[in-house]
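To start, the structure under review is shown below, and the notes come after it.
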Amino acid sequence: MQSQVVTTEHIIEVKGISKTYDGGVEAIKNIDLQIPRGELTTLLGPSGCGKTTLLKIIAGLLPPSGGEVLINNKPVHGPGPERAFVFQDFALLPWATVLRNVSFGLELRKMPKAQRHEIARKYISEVGLDGFENSYPHELSGGMRQRVGLARALTVDSDILLMDEPFASVDEQTRRKLQDDLLKLLQIEKKTVIFVTHSIEEAVYVSDKVVLLGPRPSSVMKIIDTGLDHIKSDGDIRRDKHYLDLVEDLWLILKQYLT
Amino acid sequence: MTIFGKKIPMFFALFIWMIVWEIIGRMELLFLIPPFTKVLTGMWELLGNGKFHAALGISFTSFLYGMGLAIVIGIPLGVLMGRIKLVDELAGMWVNVFVSAPLSAVIPALMVLLGFGQTTVIFTVMLFAVWIITIDTRAGVKNISPSLIEMSNSYGAGKWDLYSKVIFWAALPEILAGLRLGLIRGVRGVVVGQLLIAIVGLGELFELYSRNFLMDLFWALVVLIFMFAYVISEIVNHFEQKVEFYAGQR
Ligand SMILES: Nc1ncnc2c1ncn2[C@@H]1O[C@H](COP(=O)(O)OP(=O)(O)O)[C@@H](O)[C@H]1O
Ligand SMILES: [Mg+2]
């Protein structure tokens, strides 16, 4: 599937992307951004600033009004197999079991049933849902549903994960567990991740790089390398002085845009 | 149902009404209403009656063809209206007019166009049933969460997969609700159509029995048709309940 990938330092390049919606809402304006291969980059900004808009343009789900997105130096014209999306509202098929939901991406790629189920089982286990293969989404908690969404994104073996506020609709405890589990998973599955959030703590906690978006029509205000070793510190990051400083710095910047 | 704080099964209520019917019938207040037991024997007589079998056969095939047309037209039209704005704007007004219009009024026009036979009945059934199926299907498709569509697109779903694996299933609860209402309207279509034409199927029998004051047979026929409508709507209801678990959360 990815035979002739040109290896560049930046797997994703966003060049002068703007988006004005049909109603006349100018969501984002002239965004330039380079996403390094193999890192987790967060898009952070207040609600309604255009984070989802930018992520969907990168996903190829939404056409930009101007500018272009390059993935491995090739322009994006729509969704592609090298990108997988994780939705804020999970976007699971309510009439399908966990197993079918997780393997749905492969089903759409016409992979034979036995083969896709085998792959799906592997990822169901990796996200910690062993034993729930035959459950339906409505039988699962919010956190578990997002694990299904994550497993589905992992099965298709894409290099890039696009996650739109994936943990925003679960409770605080579950969210922390999900953040830790995501970081551990990313140790096994080498992926480039773009992670959207409006939580400063979450942004600093999970990412290598934080991209701060300003208010609408938003553009890139600041890019910060966290320089945190997420795995080694194993949850102790939250007491790390550097972590706390970063959170404070970001808050000071974001505060200016709130009225 | 509860009486004096006690739960009473459904059929008990039915039983009471049968007794009331029986008493009124025995009092011979109205020759129009024979005792219920007579209606029952009438029903028995009907079930062994060749004329009834023939009428039933022709009515049932008209119903099947009409419903088949209504489904084959109504579901795709509803899906298109739910997905494509232009189709919605073009067809929306007519569908909404026809769903509540007194369609019996156009049957005479159908008779002129299609003759005094089964074809007219088939089209009557279709005309009675198709609109509600279309409207409910459209509502179901409109209800689909946009992120399910985006999810399918992001994983590379083709048009056919998008419709057959996602949109159809997501709209199924509403489609079945429309189908149940459509079937009931379809039964009405058969009866009204045949009554107006009065020379085919059950319509002919109704005409025959009422003209000859065979009220027990007449009522037996009515009760049988009611039972038929009830049974098919219960069958669809059964399937509706199977998908109910996800109707509330798509
Ligand atoms: N389909 C749409 N049509 C019109 N305006 C939209 C649409 N989607 C989003 N918007 C507007 O664009 C802005 C950015 O939205 P979004 O990207 O969802 O922000 P975020 O994800 O940062 O909360 C918001 O003001 C929102 O109201
Ligand atoms: Mg958003």
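Naming scheme: A, B, ... for chains in displayed order of the structure tokens; residues 1 onward per chain; ligands 1 onward as shown.
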
Q. Which residues, written as a PyMOL selection string, have at least one atom at most 12 Å from Leu77 (chain B), with only C-alpha atoms counted and residues fewer than 3 positions away on the same chain left out?
A. chain B and resi 69-74+80-84+87-88+90-92+95+130-139+141+175

Output of the above residues as a short mmCIF file (atom, residue, chain, number, x, y, z; two decimals), in the first residue's frame, restricted to N, CA and C atoms:
data_model
loop_
_atom_site.label_atom_id
_atom_site.label_comp_id
_atom_site.auth_asym_id
_atom_site.auth_seq_id
_atom_site.Cartn_x
_atom_site.Cartn_y
_atom_site.Cartn_z
N LEU B 69 -44.55 -1.98 -5.50
CA LEU B 69 -44.28 -0.71 -6.21
C LEU B 69 -44.01 0.41 -5.22
N ALA B 70 -44.86 0.48 -4.18
CA ALA B 70 -44.72 1.57 -3.20
C ALA B 70 -43.36 1.51 -2.53
N ILE B 71 -42.89 0.30 -2.23
CA ILE B 71 -41.59 0.15 -1.56
C ILE B 71 -40.46 0.50 -2.52
N VAL B 72 -40.56 -0.06 -3.74
CA VAL B 72 -39.49 0.15 -4.72
C VAL B 72 -39.38 1.62 -5.13
N ILE B 73 -40.50 2.33 -5.08
CA ILE B 73 -40.45 3.77 -5.39
C ILE B 73 -40.16 4.59 -4.13
N GLY B 74 -40.89 4.25 -3.06
CA GLY B 74 -40.85 5.09 -1.86
C GLY B 74 -39.50 5.14 -1.17
N LEU B 80 -33.14 9.56 -1.67
CA LEU B 80 -32.64 10.65 -2.51
C LEU B 80 -33.05 12.01 -1.95
N MET B 81 -34.29 12.10 -1.47
CA MET B 81 -34.73 13.37 -0.90
C MET B 81 -33.92 13.72 0.35
N GLY B 82 -33.57 12.68 1.12
CA GLY B 82 -32.80 12.92 2.32
C GLY B 82 -31.36 13.33 2.02
N ARG B 83 -30.85 12.91 0.86
CA ARG B 83 -29.44 13.15 0.56
C ARG B 83 -29.20 14.30 -0.40
N ILE B 84 -30.14 14.49 -1.34
CA ILE B 84 -29.88 15.48 -2.39
C ILE B 84 -30.89 16.61 -2.29
N VAL B 87 -33.46 17.23 -5.23
CA VAL B 87 -34.57 16.27 -5.28
C VAL B 87 -35.58 16.61 -4.19
N ASP B 88 -35.05 16.96 -3.01
CA ASP B 88 -35.91 17.29 -1.88
C ASP B 88 -36.81 18.47 -2.22
N LEU B 90 -37.61 19.57 -5.23
CA LEU B 90 -38.52 19.27 -6.34
C LEU B 90 -39.69 18.40 -5.89
N ALA B 91 -39.37 17.35 -5.11
CA ALA B 91 -40.41 16.36 -4.80
C ALA B 91 -41.11 16.65 -3.47
N GLY B 92 -40.45 17.42 -2.61
CA GLY B 92 -40.95 17.59 -1.25
C GLY B 92 -42.38 18.06 -1.17
N VAL B 95 -44.94 15.30 -2.31
CA VAL B 95 -45.03 14.21 -1.36
C VAL B 95 -45.86 14.63 -0.16
N VAL B 130 -47.36 4.82 -0.82
CA VAL B 130 -46.00 5.25 -1.16
C VAL B 130 -45.54 6.51 -0.42
N TRP B 131 -46.46 7.43 -0.16
CA TRP B 131 -46.03 8.74 0.36
C TRP B 131 -45.49 8.66 1.78
N ILE B 132 -46.18 7.91 2.60
CA ILE B 132 -45.73 7.83 3.99
C ILE B 132 -44.38 7.09 4.07
N ILE B 133 -44.21 6.11 3.18
CA ILE B 133 -42.92 5.40 3.15
C ILE B 133 -41.81 6.38 2.74
N THR B 134 -42.11 7.20 1.73
CA THR B 134 -41.12 8.18 1.27
C THR B 134 -40.77 9.16 2.39
N ILE B 135 -41.79 9.69 3.05
CA ILE B 135 -41.56 10.72 4.06
C ILE B 135 -40.77 10.16 5.24
N ASP B 136 -41.13 8.96 5.68
CA ASP B 136 -40.41 8.38 6.82
C ASP B 136 -38.98 8.02 6.46
N THR B 137 -38.79 7.49 5.26
CA THR B 137 -37.42 7.17 4.82
C THR B 137 -36.57 8.43 4.78
N ARG B 138 -37.14 9.50 4.23
CA ARG B 138 -36.42 10.77 4.16
C ARG B 138 -36.03 11.24 5.57
N ALA B 139 -36.99 11.15 6.49
CA ALA B 139 -36.70 11.58 7.86
C ALA B 139 -35.55 10.76 8.45
N VAL B 141 -33.13 9.24 6.85
CA VAL B 141 -31.85 9.60 6.22
C VAL B 141 -31.36 10.96 6.72
N ILE B 175 -37.49 3.74 8.31
CA ILE B 175 -38.01 3.06 7.12
C ILE B 175 -39.07 2.04 7.54
#

(Q) Contacts from chain A to chain B, 6 Å maximum, only C-alpha atoms: show me the residue list as a ChimeraX atom specification. (A) /A:79,91,94,105,108

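With only C-alpha atoms and all ligand atoms as the atoms that count, the residue of A:Lys51, A:Lys209, A:His138, A:Arg175 with the shortest distance to ligand 2 is A:Lys51.
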
Q.
Please list as a PyMOL selection string every residue within 10 Å of Ile71 (chain A), counting only C-alpha atoms and excluding residues in the same chain fewer than 5 positions away.
A. chain A and resi 5-6+8+10-14+35+58+76+80+82-83+160

Q.
I need the residue nearest ligand 2 from this list: A:Glu172, A:Asp164, A:Asp130, A:Glu189. Use only C-alpha atoms and all ligand atoms for the distance.
A. A:Asp164

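Proximal residues of ligand 2 are Ser47, Gly48, Gly50, Lys51, Thr52, Thr53, Gln88, Asp164, Glu165, Val196 and Thr197 of chain A, by a cut-off of 8 Å on only C-alpha atoms and all ligand atoms.
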
Write the selection just made, keeping N, CA and C atoms, as a compact mmCIF listing (two decimals), in the first residue's frame?
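Final output, again-v4.txt:
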# COMPACT_ATOMS: atom_id res chain seq x y z
N SER A 47 -12.61 26.74 21.86
CA SER A 47 -13.69 26.12 21.08
C SER A 47 -14.16 27.07 19.99
N GLY A 48 -14.41 26.52 18.82
CA GLY A 48 -14.92 27.34 17.71
C GLY A 48 -13.84 28.07 16.95
N GLY A 50 -11.60 26.73 14.96
CA GLY A 50 -11.32 26.15 13.64
C GLY A 50 -10.41 24.94 13.67
N LYS A 51 -10.24 24.32 14.82
CA LYS A 51 -9.37 23.15 14.92
C LYS A 51 -9.92 21.98 14.10
N THR A 52 -11.22 21.71 14.29
CA THR A 52 -11.84 20.62 13.55
C THR A 52 -11.78 20.89 12.05
N THR A 53 -12.02 22.14 11.70
CA THR A 53 -11.98 22.53 10.29
C THR A 53 -10.62 22.18 9.68
N GLN A 88 -14.63 12.71 17.46
CA GLN A 88 -14.99 13.15 18.81
C GLN A 88 -16.22 12.39 19.32
N ASP A 164 -9.70 14.01 16.58
CA ASP A 164 -10.43 15.24 16.87
C ASP A 164 -11.03 15.19 18.27
N GLU A 165 -10.44 15.88 19.19
CA GLU A 165 -10.88 15.88 20.59
C GLU A 165 -11.37 14.49 21.01
N VAL A 196 -6.28 16.97 18.31
CA VAL A 196 -6.96 18.24 18.57
C VAL A 196 -7.52 18.26 19.98
N THR A 197 -7.32 19.33 20.67
CA THR A 197 -7.90 19.45 22.01
C THR A 197 -8.08 20.91 22.35

Q.
as a ChimeraX atom specification, please: every protein or nucleic acid residue near ligand 1 (cut-off 12 Å, counting only C-alpha atoms and all ligand atoms).
A. /A:18-29,43-57,61-63,87-88,163-166,168,195-199,212-219 /B:146-147
